[in-house]
Amino acid sequence: MSTDTDRARRTSLPGLSAVLRHDLPASVVVFLVALPLSIGVAVATGAPVASGLLAAVVGGLVAGLLGGSALQVSGPTASLTVVVAQSIQQFGWATTCFITVGAGLLQVVFGLTRVARGALAIAPVVVHGMLAGIGVVIALQQLHVLLGGQSLSSSWQSITQLPHQLASVKGGDALVGGLVIAIMLGWRYMPKSLRAVPAPLAAVVVATAVSLVVPTSIERIVLSGSLFSDISLPQVPHGDWGTIALTMVTVALIASVETLLSAVAVDRLRPGRRTDMDRELIGQGVANMTSGVVGGLPIAAVIVRSITNVKAGARTKASTMLSGVWVLIFAVALVDVVRQIPKAALAGLLIVIGIGLIKLAHIRLARRTGDLVVYAVTVLVVVFANLLVGMLVGLALSLTLLLWRVARAAIAVQPVGARWVVTVDGPLTFMAVPRLTAALAQVPAGAEVTVELAVDFVDHAASEALHEWARQHESGGGAVEFVEMGAARIADAATGPPARGQSRRILNETLGPWRRTARTADPIAAGVAAYHRSHAHVVRPHLGELRDGQNPDSLFLTCADSRIVPNVITNSGPGDLFTVRNIGNLIPADGLDTSVEAALVYALDKLDVRSVVVCGHSGCGAMDALFHERVTGSGLDAWLAHGRPALDAFRSGHPVAVAAAAAGFGEVDQLGMVNVAVQLEALSQHPVVRLGIEDRGVVLAGLFFDIATARVIEIHAEGIGEIGDAARQVTALPV
C-alpha cells in the first residue's frame, strides 16, 4: 500500500510535467520579449536602467503569484512612460518610487472595493485616444535620442527642436536606431525559423553587434554596479502633496485600465478561463508597492507580452513567474552585456512600439461610430498637455456626445391628407421643448392634429408644454389626438418624478387581451380603448386603402381555439387573410356544411385568393375528443364525425403521424397533424379548389401551431418540418 507521500508525489507529477512541457518554454519566450522592452522603458523615462529590470522581476514574481489571471504578464509598460518621465523631472527618482508605492496602494483599494469592472466603463474611444497620444509622445521624444540627442520634456519642444536635431544628427546612432526600426518592421517577412526569435530581441542584438564594429562613437546604456546596487528606497516628499496625489491617481488609473484591457484580451484568447478582475488589481497593487520599495518602475499587465505568453503555449502562472526569474538571473549575471546596448537601439524599439499604439482600426472604428472628434481631441490633449488631462477631456467630450445622442429627440411635423401629424421619437425632456414648440407652431390653427409619441422618457417640462399647446389649439377650434407608442406616458409625468418607461409595457398593451392575468368587468371595452389610444392611427391609413374592397392573398381555415391568432403567427395584417374558423379546422367532405362551402366558393371565385391554408394546433380539444371517441349527446358529436377520416388515417399509420412521433409529439398532437393533412386532401378533391389549382395555380398549404414553443410547423404529405429550416424537416420512413 502506498503512503500519503507517495500519493502526493504521483499527484504532483502531472503538474510538474505540464510546467516543463508548456510553461518553461513559454517563459523563455516572454523573457526574451520583456528584456529589451523593460530596459527601453527605463531609459525612455530617465530612470535608472536597473529600475526597468527590477520592475520586470517584480511583475513576474509578485503580480504573477498574487494576480487573478494565470496568463497575464506584468512589467514596465510604454503607456506609463510619459507620466513617469514627467514625475522624475518634477520630483526626482526617489519621490517617483514613493508615488509608485502610493499608486499600488490605490490599486489594492480598487480591488478590495470591487470596482475593477467599473474601469471598463471608460469609453473605448477615449482609451484608444490615450494610447495613440502616448504613442505620439514616445515617438517624438525617442526620435531625438535616435538622432543622437536627448529626449525633451514636452512634445511641443520635441517638434520645434526637431530641425536643429536633424542638423546635428550623429550618424552612428541614427544608423543603429534605423536598423532596429527596419528589423522590427520587416521581421514578419523573415523565414519562419528566424521568426521563432522575438523581433525586439533580434533587433536589439543585431543593432548592438553592428554598433561594436561601426567606426564611430555611439552612446550606450549606463548601468553602475550590479542590479542590487541600484536598489533605492522611496523618499517621502516634503511638499506639493496635491500634485503628488494627482500623479499617484494617474499612475493607478492608467495601470489599472491597461491591466483590465489586457485581461479582457487574454480571456478572449482562452474562452475557458475568466480573470478575477478584483484579485488582479490587488495583485497588481501589491506588485507596484513592492516595485516602488525596491526602486523599480510602475508596472501593469502588458497586452503584447500577455498575448505572447498565451501563444507560446503557457498553461499556468509558472510561465509568468519563471520569466521574472530569468530577468533576475540575466540582470545579476550579465550586467556587462546590458552596458553594450546602444541607447539609439532602444529608441528605435520604442518608436516602433509608440507608433504601434496608433492603430488604423481604432481610427476607422471611431469614424464609423461618429466618435472621431473624441478620438482626435483626446490624442491632441495627451500630446500637448498631459495624460490625465487628456483622459478627463476625452471622457467629458464622450459623455457630452452621449448625452446629445441619447437626450436628443427627433421631431417632425407634416400634413397627411386632411390631418397634420407631429412625430416625436426619442427622450422628451426640457432640452427638446424649444424644438418641440417650434415644430408645433407650424400646425395651422383649427387643424386636426395627431401627435405620435414614440418616447421612452418624458419629463414634467415636456409634458406640460404638450398639454398647454393642445389646450390652446383646441380652444382655437382645432382637434388634438395623442397617440403614445413608446414605453413612457405623458400623463405619468404629472404623478411623480420622471422615469424611463419599460419596453415590455408596449408588448403588454399590444398583446393585452391574451396576456391579461386578471379578468376585468368589460375586457372588450378596455381592449377597444387601448386600441384607440395606441394602435388605431397605425391601422387607419392601411384600412383607408381597403375601404372599397378586399384583396386577400389566402383563405386561412383554422380552429376556433382562442389561443390561435392567425395574423400574429403569419405576420400579416388587415386585408391579408380571409379567415374561416370552426371546431377542429374541419372541412366536411359531404358538402353539407354551407358555412365552409360558402367561404370556399367566395374566396376562390370572388376574391381569387392565391392559396388555401389549413392550420391546426397543439392541445386541440376537438382532436382530444375525437381520439378518445367521447360522446357528448349534443350537436358536437355530429360535427366531430367529420373528423373520422383523420382518425382512421392516424390509426392506419399515416406518414405524418410517423414523422410527428419521431419528432416527439404526443398522440393527440399527432392526430391533429394528420387531420391537417387529411383536410388538405379533401380540399384538393373539392371542385372549386381543384379548378383554382388547374386554372390559376392555387397553392394548398398545411400548418400546425405548437403552442408550447410558439413555433409554426409545416405539414406536407410525407411528413412535417419547420418553415424555412430545411435541415429540420422530418419525413416519415416507408412502412
# chains A, B, ... in the order shown; residues from 1 in each chain; ligands from 1

call {"tool": "select_by_dssp", "arguments": {"residues": "range 369-474 of chain A", "states": "alpha helix (DSSP H)", "output": "PyMOL selection string"}}
result
chain A and resi 372-384+387-407+433-440+460-474

call {"tool": "select_by_dssp", "arguments": {"residues": "range 669-706 of chain A", "states": "strand (DSSP E or B)", "output": "PyMOL selection string"}}
result
chain A and resi 699-706

call {"tool": "residues_around", "arguments": {"residues": "Arg279 in chain A", "least_positions_apart": "3", "cutoff": "10 Å", "atoms": "only C-alpha atoms", "output": "short mmCIF file (atom, residue, chain, number, x, y, z; two decimals) with all heavy atoms, in the first residue's frame"}}
result
data_model
loop_
_atom_site.label_atom_id
_atom_site.label_comp_id
_atom_site.auth_asym_id
_atom_site.auth_seq_id
_atom_site.Cartn_x
_atom_site.Cartn_y
_atom_site.Cartn_z
N LEU A 66 0.19 36.68 -7.21
CA LEU A 66 -0.98 37.17 -6.48
C LEU A 66 -2.14 37.58 -7.38
O LEU A 66 -3.26 37.74 -6.89
CB LEU A 66 -0.59 38.37 -5.60
CG LEU A 66 0.51 38.11 -4.56
CD1 LEU A 66 0.80 39.39 -3.79
CD2 LEU A 66 0.09 37.00 -3.61
N GLY A 67 -1.89 37.78 -8.67
CA GLY A 67 -2.94 38.29 -9.56
C GLY A 67 -4.05 37.28 -9.83
O GLY A 67 -3.95 36.10 -9.52
N GLY A 68 -5.12 37.77 -10.44
CA GLY A 68 -6.28 36.93 -10.73
C GLY A 68 -6.25 36.27 -12.08
O GLY A 68 -7.18 35.56 -12.46
N SER A 69 -5.20 36.49 -12.86
CA SER A 69 -5.06 35.87 -14.17
C SER A 69 -3.88 34.92 -14.16
O SER A 69 -2.82 35.23 -13.61
CB SER A 69 -4.86 36.93 -15.26
OG SER A 69 -4.56 36.32 -16.51
N VAL A 108 -4.80 48.39 -4.74
CA VAL A 108 -5.30 47.43 -3.76
C VAL A 108 -6.68 47.85 -3.27
O VAL A 108 -7.59 47.02 -3.13
CB VAL A 108 -4.31 47.30 -2.57
CG1 VAL A 108 -4.92 46.45 -1.46
CG2 VAL A 108 -2.99 46.70 -3.04
N PHE A 110 -8.82 49.65 -4.97
CA PHE A 110 -9.73 49.38 -6.08
C PHE A 110 -10.19 47.93 -6.06
O PHE A 110 -11.38 47.62 -6.24
CB PHE A 110 -9.04 49.66 -7.42
CG PHE A 110 -8.71 51.11 -7.67
CD1 PHE A 110 -7.79 51.46 -8.66
CD2 PHE A 110 -9.32 52.11 -6.95
CE1 PHE A 110 -7.48 52.79 -8.89
CE2 PHE A 110 -9.02 53.45 -7.18
CZ PHE A 110 -8.09 53.78 -8.15
N GLY A 111 -9.23 47.03 -5.85
CA GLY A 111 -9.58 45.61 -5.85
C GLY A 111 -10.45 45.22 -4.68
O GLY A 111 -11.41 44.46 -4.82
N LEU A 112 -10.14 45.73 -3.48
CA LEU A 112 -10.91 45.38 -2.29
C LEU A 112 -12.32 45.93 -2.35
O LEU A 112 -13.25 45.34 -1.79
CB LEU A 112 -10.19 45.90 -1.03
CG LEU A 112 -8.86 45.22 -0.69
CD1 LEU A 112 -8.20 45.89 0.51
CD2 LEU A 112 -9.06 43.73 -0.41
N ARG A 114 -13.99 46.24 -5.06
CA ARG A 114 -14.64 45.57 -6.20
C ARG A 114 -15.16 46.56 -7.25
O ARG A 114 -16.30 46.50 -7.68
CB ARG A 114 -15.79 44.68 -5.71
CG ARG A 114 -15.32 43.58 -4.78
CD ARG A 114 -16.43 42.62 -4.42
NE ARG A 114 -15.93 41.54 -3.58
CZ ARG A 114 -15.32 40.45 -4.03
NH1 ARG A 114 -15.13 40.30 -5.32
NH2 ARG A 114 -14.91 39.51 -3.20
N ALA A 116 -13.33 46.97 -10.07
CA ALA A 116 -12.49 46.67 -11.23
C ALA A 116 -13.28 46.78 -12.52
O ALA A 116 -12.83 47.37 -13.50
CB ALA A 116 -11.89 45.27 -11.10
N THR A 275 -10.66 35.87 -15.89
CA THR A 275 -9.82 36.55 -14.92
C THR A 275 -10.66 37.10 -13.78
O THR A 275 -11.72 37.70 -14.01
CB THR A 275 -9.06 37.69 -15.59
OG1 THR A 275 -8.21 37.16 -16.61
CG2 THR A 275 -8.21 38.46 -14.59
N ASP A 276 -10.20 36.90 -12.55
CA ASP A 276 -10.80 37.55 -11.39
C ASP A 276 -10.26 38.98 -11.37
O ASP A 276 -9.14 39.24 -10.92
CB ASP A 276 -10.43 36.79 -10.12
CG ASP A 276 -11.09 37.37 -8.87
OD1 ASP A 276 -11.46 38.56 -8.89
OD2 ASP A 276 -11.21 36.64 -7.87
N ILE A 282 -5.68 43.70 -7.04
CA ILE A 282 -4.97 43.58 -5.75
C ILE A 282 -3.54 43.09 -5.99
O ILE A 282 -2.58 43.63 -5.42
CB ILE A 282 -5.72 42.61 -4.82
CG1 ILE A 282 -7.08 43.21 -4.42
CG2 ILE A 282 -4.89 42.31 -3.58
CD1 ILE A 282 -7.96 42.27 -3.62
N GLY A 283 -3.39 42.09 -6.86
CA GLY A 283 -2.05 41.60 -7.17
C GLY A 283 -1.18 42.65 -7.81
O GLY A 283 0.01 42.81 -7.47
N GLN A 284 -1.76 43.42 -8.73
CA GLN A 284 -1.01 44.50 -9.37
C GLN A 284 -0.62 45.57 -8.36
O GLN A 284 0.48 46.13 -8.41
CB GLN A 284 -1.85 45.11 -10.50
CG GLN A 284 -2.12 44.19 -11.67
CD GLN A 284 -0.90 43.97 -12.53
OE1 GLN A 284 -0.05 44.84 -12.66
NE2 GLN A 284 -0.81 42.78 -13.12
N GLY A 285 -1.55 45.86 -7.43
CA GLY A 285 -1.25 46.87 -6.42
C GLY A 285 -0.11 46.46 -5.51
O GLY A 285 0.80 47.25 -5.23
#

call {"tool": "closest_atom_pairs", "arguments": {"of": "range 226-333 of chain A", "to": "range 53-63 of chain A", "cutoff": "7 Å", "atoms": "only C-alpha atoms", "output": "JSON lines"}}
result
{"residue": "A:Gly283", "atom": "CA", "partner": "A:Ala63", "partner_atom": "CA", "distance": 5.0}
{"residue": "A:Gln284", "atom": "CA", "partner": "A:Ala63", "partner_atom": "CA", "distance": 5.3}
{"residue": "A:Ala287", "atom": "CA", "partner": "A:Ala63", "partner_atom": "CA", "distance": 5.3}
{"residue": "A:Ser291", "atom": "CA", "partner": "A:Ala55", "partner_atom": "CA", "distance": 5.7}
{"residue": "A:Gly296", "atom": "CA", "partner": "A:Ala55", "partner_atom": "CA", "distance": 4.7}
{"residue": "A:Leu297", "atom": "CA", "partner": "A:Ala55", "partner_atom": "CA", "distance": 5.4}
{"residue": "A:Pro298", "atom": "CA", "partner": "A:Ala55", "partner_atom": "CA", "distance": 6.9}
{"residue": "A:Ile299", "atom": "CA", "partner": "A:Ala55", "partner_atom": "CA", "distance": 6.4}
{"residue": "A:Thr320", "atom": "CA", "partner": "A:Gly60", "partner_atom": "CA", "distance": 5.2}
{"residue": "A:Met321", "atom": "CA", "partner": "A:Gly60", "partner_atom": "CA", "distance": 4.6}
{"residue": "A:Ser323", "atom": "CA", "partner": "A:Gly60", "partner_atom": "CA", "distance": 6.1}
{"residue": "A:Gly324", "atom": "CA", "partner": "A:Val57", "partner_atom": "CA", "distance": 4.2}
{"residue": "A:Val325", "atom": "CA", "partner": "A:Val57", "partner_atom": "CA", "distance": 6.5}
{"residue": "A:Val327", "atom": "CA", "partner": "A:Val57", "partner_atom": "CA", "distance": 6.0}
{"residue": "A:Leu328", "atom": "CA", "partner": "A:Val57", "partner_atom": "CA", "distance": 5.9}
{"residue": "A:Ala331", "atom": "CA", "partner": "A:Leu53", "partner_atom": "CA", "distance": 6.9}

call {"tool": "residues_around", "arguments": {"residues": "Gly478 in chain A", "least_positions_apart": "5", "cutoff": "12 Å", "atoms": "only C-alpha atoms", "output": "list in words"}}
result
Arg419, Trp420, Val443, Pro444, Ala445, Gly446, Ala447, Glu448, Val449, Thr450, Trp469, Ala470, Arg471, Gln472 and His473 of chain A

call {"tool": "residues_around", "arguments": {"residues": "range 704-707 of chain A", "least_positions_apart": "3", "cutoff": "12 Å", "atoms": "only C-alpha atoms", "output": "PyMOL selection string"}}
result
chain A and resi 557-559+561-566+568-570+584-585+613-620+656+660+665-666+669-677+701+710-716+719-723

call {"tool": "write_last_selection", "arguments": {"atoms": "C-alpha atoms", "output": "PDB file, in the first residue's frame"}}
result
ATOM      1  CA  LEU A 557     -59.031  27.896 -42.262  1.00  0.00           C
ATOM      2  CA  THR A 558     -58.173  27.245 -38.634  1.00  0.00           C
ATOM      3  CA  CYS A 559     -59.635  26.130 -35.342  1.00  0.00           C
ATOM      4  CA  ASP A 561     -59.488  27.926 -30.314  1.00  0.00           C
ATOM      5  CA  SER A 562     -58.926  31.304 -28.617  1.00  0.00           C
ATOM      6  CA  ARG A 563     -55.159  30.731 -28.405  1.00  0.00           C
ATOM      7  CA  ILE A 564     -54.697  30.897 -32.178  1.00  0.00           C
ATOM      8  CA  VAL A 565     -54.243  34.404 -33.629  1.00  0.00           C
ATOM      9  CA  PRO A 566     -53.795  33.947 -37.409  1.00  0.00           C
ATOM     10  CA  VAL A 568     -49.826  37.110 -35.388  1.00  0.00           C
ATOM     11  CA  ILE A 569     -48.452  33.678 -36.330  1.00  0.00           C
ATOM     12  CA  THR A 570     -48.344  34.601 -40.048  1.00  0.00           C
ATOM     13  CA  GLY A 584     -61.142  21.310 -35.190  1.00  0.00           C
ATOM     14  CA  ASN A 585     -60.487  23.134 -38.525  1.00  0.00           C
ATOM     15  CA  VAL A 613     -54.204  27.190 -45.777  1.00  0.00           C
ATOM     16  CA  VAL A 614     -55.399  24.726 -43.159  1.00  0.00           C
ATOM     17  CA  CYS A 615     -53.923  25.345 -39.718  1.00  0.00           C
ATOM     18  CA  GLY A 616     -54.223  23.027 -36.729  1.00  0.00           C
ATOM     19  CA  HIS A 617     -52.694  23.408 -33.292  1.00  0.00           C
ATOM     20  CA  SER A 618     -51.370  21.508 -30.308  1.00  0.00           C
ATOM     21  CA  GLY A 619     -53.615  20.630 -27.380  1.00  0.00           C
ATOM     22  CA  CYS A 620     -56.728  20.802 -29.561  1.00  0.00           C
ATOM     23  CA  VAL A 656     -47.399  12.451 -40.941  1.00  0.00           C
ATOM     24  CA  ALA A 660     -44.659  13.607 -35.718  1.00  0.00           C
ATOM     25  CA  PHE A 665     -45.147  14.872 -30.312  1.00  0.00           C
ATOM     26  CA  GLY A 666     -47.864  13.080 -28.331  1.00  0.00           C
ATOM     27  CA  ASP A 669     -50.995  16.245 -31.485  1.00  0.00           C
ATOM     28  CA  GLN A 670     -50.041  13.556 -33.999  1.00  0.00           C
ATOM     29  CA  LEU A 671     -53.741  13.212 -34.776  1.00  0.00           C
ATOM     30  CA  GLY A 672     -54.004  16.999 -35.106  1.00  0.00           C
ATOM     31  CA  MET A 673     -51.227  16.996 -37.701  1.00  0.00           C
ATOM     32  CA  VAL A 674     -52.771  14.060 -39.587  1.00  0.00           C
ATOM     33  CA  ASN A 675     -56.071  15.948 -39.518  1.00  0.00           C
ATOM     34  CA  VAL A 676     -54.426  18.893 -41.327  1.00  0.00           C
ATOM     35  CA  ALA A 677     -53.047  16.539 -43.992  1.00  0.00           C
ATOM     36  CA  ALA A 701     -50.642  24.522 -47.533  1.00  0.00           C
ATOM     37  CA  ALA A 710     -44.828  29.218 -30.272  1.00  0.00           C
ATOM     38  CA  ARG A 711     -43.452  27.572 -33.431  1.00  0.00           C
ATOM     39  CA  VAL A 712     -45.339  27.101 -36.682  1.00  0.00           C
ATOM     40  CA  ILE A 713     -44.731  23.706 -38.300  1.00  0.00           C
ATOM     41  CA  GLU A 714     -45.356  22.861 -41.924  1.00  0.00           C
ATOM     42  CA  ILE A 715     -47.472  19.803 -42.714  1.00  0.00           C
ATOM     43  CA  HIS A 716     -46.996  18.057 -46.054  1.00  0.00           C
ATOM     44  CA  GLY A 719     -44.051  14.471 -43.024  1.00  0.00           C
ATOM     45  CA  ILE A 720     -43.533  17.675 -41.065  1.00  0.00           C
ATOM     46  CA  GLY A 721     -40.912  20.400 -40.788  1.00  0.00           C
ATOM     47  CA  GLU A 722     -40.259  23.931 -39.563  1.00  0.00           C
ATOM     48  CA  ILE A 723     -40.845  26.513 -42.253  1.00  0.00           C
TER      49      ILE A 723
END

call {"tool": "closest_residue", "arguments": {"among": "A:Leu401, A:Gly476, A:Leu453, A:Thr81", "to": "Val251 in chain A", "atoms": "only C-alpha atoms"}}
result
A:Thr81

call {"tool": "closest_atom_pairs", "arguments": {"of": "range 123-205 of chain A", "to": "range 340-356 of chain A", "cutoff": "12 Å", "atoms": "only C-alpha atoms", "output": "JSON lines"}}
result
{"residue": "A:His128", "atom": "CA", "partner": "A:Gly356", "partner_atom": "CA", "distance": 11.7}
{"residue": "A:Met130", "atom": "CA", "partner": "A:Gly354", "partner_atom": "CA", "distance": 11.7}
{"residue": "A:Leu131", "atom": "CA", "partner": "A:Gly354", "partner_atom": "CA", "distance": 8.6}
{"residue": "A:Ala132", "atom": "CA", "partner": "A:Ile355", "partner_atom": "CA", "distance": 7.8}
{"residue": "A:Gly133", "atom": "CA", "partner": "A:Gly354", "partner_atom": "CA", "distance": 9.0}
{"residue": "A:Ile134", "atom": "CA", "partner": "A:Gly354", "partner_atom": "CA", "distance": 7.0}
{"residue": "A:Gly135", "atom": "CA", "partner": "A:Gly354", "partner_atom": "CA", "distance": 3.7}
{"residue": "A:Val136", "atom": "CA", "partner": "A:Gly354", "partner_atom": "CA", "distance": 6.3}
{"residue": "A:Val137", "atom": "CA", "partner": "A:Gly354", "partner_atom": "CA", "distance": 7.8}
{"residue": "A:Ile138", "atom": "CA", "partner": "A:Gly354", "partner_atom": "CA", "distance": 5.6}
{"residue": "A:Ala139", "atom": "CA", "partner": "A:Ile351", "partner_atom": "CA", "distance": 4.5}
{"residue": "A:Leu140", "atom": "CA", "partner": "A:Ile351", "partner_atom": "CA", "distance": 8.0}
{"residue": "A:Gln141", "atom": "CA", "partner": "A:Ile351", "partner_atom": "CA", "distance": 8.7}
{"residue": "A:Gln142", "atom": "CA", "partner": "A:Ala347", "partner_atom": "CA", "distance": 5.1}
{"residue": "A:Leu143", "atom": "CA", "partner": "A:Ala347", "partner_atom": "CA", "distance": 7.0}
{"residue": "A:His144", "atom": "CA", "partner": "A:Ala347", "partner_atom": "CA", "distance": 8.6}
{"residue": "A:Val145", "atom": "CA", "partner": "A:Ala344", "partner_atom": "CA", "distance": 5.9}
{"residue": "A:Leu146", "atom": "CA", "partner": "A:Ala344", "partner_atom": "CA", "distance": 4.4}
{"residue": "A:Leu147", "atom": "CA", "partner": "A:Ala344", "partner_atom": "CA", "distance": 7.4}
{"residue": "A:Gly148", "atom": "CA", "partner": "A:Ala344", "partner_atom": "CA", "distance": 7.1}
{"residue": "A:Gly149", "atom": "CA", "partner": "A:Ala344", "partner_atom": "CA", "distance": 9.3}
{"residue": "A:Gln150", "atom": "CA", "partner": "A:Lys343", "partner_atom": "CA", "distance": 10.0}
{"residue": "A:Ser151", "atom": "CA", "partner": "A:Ala347", "partner_atom": "CA", "distance": 9.7}
{"residue": "A:Val169", "atom": "CA", "partner": "A:Ala344", "partner_atom": "CA", "distance": 11.8}
{"residue": "A:Lys170", "atom": "CA", "partner": "A:Ala344", "partner_atom": "CA", "distance": 10.2}
{"residue": "A:Gly171", "atom": "CA", "partner": "A:Ala344", "partner_atom": "CA", "distance": 10.8}
{"residue": "A:Gly172", "atom": "CA", "partner": "A:Ala344", "partner_atom": "CA", "distance": 8.9}
{"residue": "A:Asp173", "atom": "CA", "partner": "A:Ala344", "partner_atom": "CA", "distance": 5.3}
{"residue": "A:Ala174", "atom": "CA", "partner": "A:Ala344", "partner_atom": "CA", "distance": 7.0}
{"residue": "A:Leu175", "atom": "CA", "partner": "A:Ala344", "partner_atom": "CA", "distance": 8.6}
{"residue": "A:Val176", "atom": "CA", "partner": "A:Ala345", "partner_atom": "CA", "distance": 5.7}
{"residue": "A:Gly177", "atom": "CA", "partner": "A:Gly348", "partner_atom": "CA", "distance": 4.6}
{"residue": "A:Gly178", "atom": "CA", "partner": "A:Gly348", "partner_atom": "CA", "distance": 6.5}
{"residue": "A:Leu179", "atom": "CA", "partner": "A:Ala345", "partner_atom": "CA", "distance": 7.9}
{"residue": "A:Val180", "atom": "CA", "partner": "A:Gly348", "partner_atom": "CA", "distance": 5.6}
{"residue": "A:Ile181", "atom": "CA", "partner": "A:Gly348", "partner_atom": "CA", "distance": 5.4}
{"residue": "A:Ala182", "atom": "CA", "partner": "A:Gly348", "partner_atom": "CA", "distance": 9.0}
{"residue": "A:Ile183", "atom": "CA", "partner": "A:Leu349", "partner_atom": "CA", "distance": 9.6}
{"residue": "A:Met184", "atom": "CA", "partner": "A:Val352", "partner_atom": "CA", "distance": 7.3}
{"residue": "A:Leu185", "atom": "CA", "partner": "A:Val352", "partner_atom": "CA", "distance": 7.8}
{"residue": "A:Gly186", "atom": "CA", "partner": "A:Val352", "partner_atom": "CA", "distance": 11.5}
{"residue": "A:Ala199", "atom": "CA", "partner": "A:Leu349", "partner_atom": "CA", "distance": 9.7}
{"residue": "A:Pro200", "atom": "CA", "partner": "A:Leu349", "partner_atom": "CA", "distance": 6.9}
{"residue": "A:Leu201", "atom": "CA", "partner": "A:Leu349", "partner_atom": "CA", "distance": 9.7}
{"residue": "A:Ala202", "atom": "CA", "partner": "A:Leu349", "partner_atom": "CA", "distance": 10.8}
{"residue": "A:Ala203", "atom": "CA", "partner": "A:Leu349", "partner_atom": "CA", "distance": 7.9}
{"residue": "A:Val204", "atom": "CA", "partner": "A:Ala345", "partner_atom": "CA", "distance": 6.0}
{"residue": "A:Val205", "atom": "CA", "partner": "A:Ile341", "partner_atom": "CA", "distance": 8.1}

call {"tool": "residues_around", "arguments": {"residues": "Val421 in chain A", "least_positions_apart": "5", "cutoff": "7 Å", "atoms": "only C-alpha atoms", "output": "ChimeraX atom specification"}}
result
/A:413-416,449-451

call {"tool": "residues_around", "arguments": {"residues": "range 406-411 of chain A", "least_positions_apart": "6", "cutoff": "9 Å", "atoms": "only C-alpha atoms", "output": "tab-separated table (two decimals) with N, CA, C and O atoms, in the first residue's frame"}}
result
chain	number	residue	atom	x	y	z
A	422	VAL	N	-47.66	65.16	-36.07
A	422	VAL	CA	-46.43	65.55	-35.38
A	422	VAL	C	-45.84	64.28	-34.76
A	422	VAL	O	-46.51	63.60	-33.98
A	423	THR	N	-44.61	63.94	-35.14
A	423	THR	CA	-43.97	62.74	-34.61
A	423	THR	C	-42.79	63.13	-33.73
A	423	THR	O	-41.99	64.00	-34.07
A	424	VAL	N	-42.70	62.47	-32.58
A	424	VAL	CA	-41.60	62.69	-31.64
A	424	VAL	C	-41.02	61.32	-31.32
A	424	VAL	O	-41.72	60.43	-30.84
A	425	ASP	N	-39.73	61.16	-31.60
A	425	ASP	CA	-39.07	59.87	-31.38
A	425	ASP	C	-37.82	60.10	-30.54
A	425	ASP	O	-36.93	60.84	-30.93
A	426	GLY	N	-37.76	59.48	-29.39
A	426	GLY	CA	-36.62	59.65	-28.50
A	426	GLY	C	-37.04	60.25	-27.18
A	426	GLY	O	-38.21	60.55	-26.96
A	427	PRO	N	-36.12	60.46	-26.24
A	427	PRO	CA	-36.45	61.03	-24.94
A	427	PRO	C	-37.00	62.45	-25.09
A	427	PRO	O	-36.43	63.27	-25.82
A	428	LEU	N	-38.08	62.72	-24.40
A	428	LEU	CA	-38.73	64.03	-24.49
A	428	LEU	C	-38.48	64.76	-23.18
A	428	LEU	O	-39.16	64.52	-22.17
A	429	THR	N	-37.49	65.66	-23.20
A	429	THR	CA	-37.09	66.36	-21.99
A	429	THR	C	-37.17	67.86	-22.21
A	429	THR	O	-37.50	68.34	-23.30
A	431	MET	N	-34.86	69.81	-22.64
A	431	MET	CA	-33.94	70.24	-23.69
A	431	MET	C	-34.60	70.23	-25.06
A	431	MET	O	-34.16	70.92	-25.97
A	432	ALA	N	-35.64	69.41	-25.21
A	432	ALA	CA	-36.32	69.33	-26.50
A	432	ALA	C	-37.47	70.32	-26.62
A	432	ALA	O	-38.05	70.46	-27.70
A	435	ARG	N	-37.37	73.06	-29.50
A	435	ARG	CA	-37.60	72.49	-30.82
A	435	ARG	C	-39.02	71.96	-30.95
A	435	ARG	O	-39.63	72.02	-32.02
A	436	LEU	N	-39.56	71.43	-29.85
A	436	LEU	CA	-40.93	70.92	-29.89
A	436	LEU	C	-41.93	72.04	-30.13
A	436	LEU	O	-42.83	71.92	-30.98
A	439	ALA	N	-41.81	73.24	-33.69
A	439	ALA	CA	-42.49	72.32	-34.61
A	439	ALA	C	-44.00	72.46	-34.50
A	439	ALA	O	-44.73	72.49	-35.51
A	455	VAL	N	-41.72	57.60	-27.43
A	455	VAL	CA	-40.72	58.05	-26.47
A	455	VAL	C	-40.65	57.07	-25.30
A	455	VAL	O	-41.63	56.40	-24.96

call {"tool": "closest_residue", "arguments": {"among": "A:Ala209, A:Val293, A:Leu260, A:Leu640", "to": "Thr96 in chain A", "atoms": "only C-alpha atoms"}}
result
A:Val293

call {"tool": "atom_distance", "arguments": {"atom1": "CA of Ala42 in chain A", "atom2": "CA of Pro76 in chain A"}}
result
7.9 Å

call {"tool": "atom_distance", "arguments": {"atom1": "CA of Asp576 in chain A", "atom2": "CA of Ser611 in chain A"}}
result
11.3 Å

call {"tool": "atom_distance", "arguments": {"atom1": "CA of Gly242 in chain A", "atom2": "CA of Leu380 in chain A"}}
result
24.9 Å

call {"tool": "closest_residue", "arguments": {"among": "A:Pro124, A:Pro198, A:Gly40, A:Pro215", "to": "Thr369 in chain A", "atoms": "only C-alpha atoms"}}
result
A:Pro124
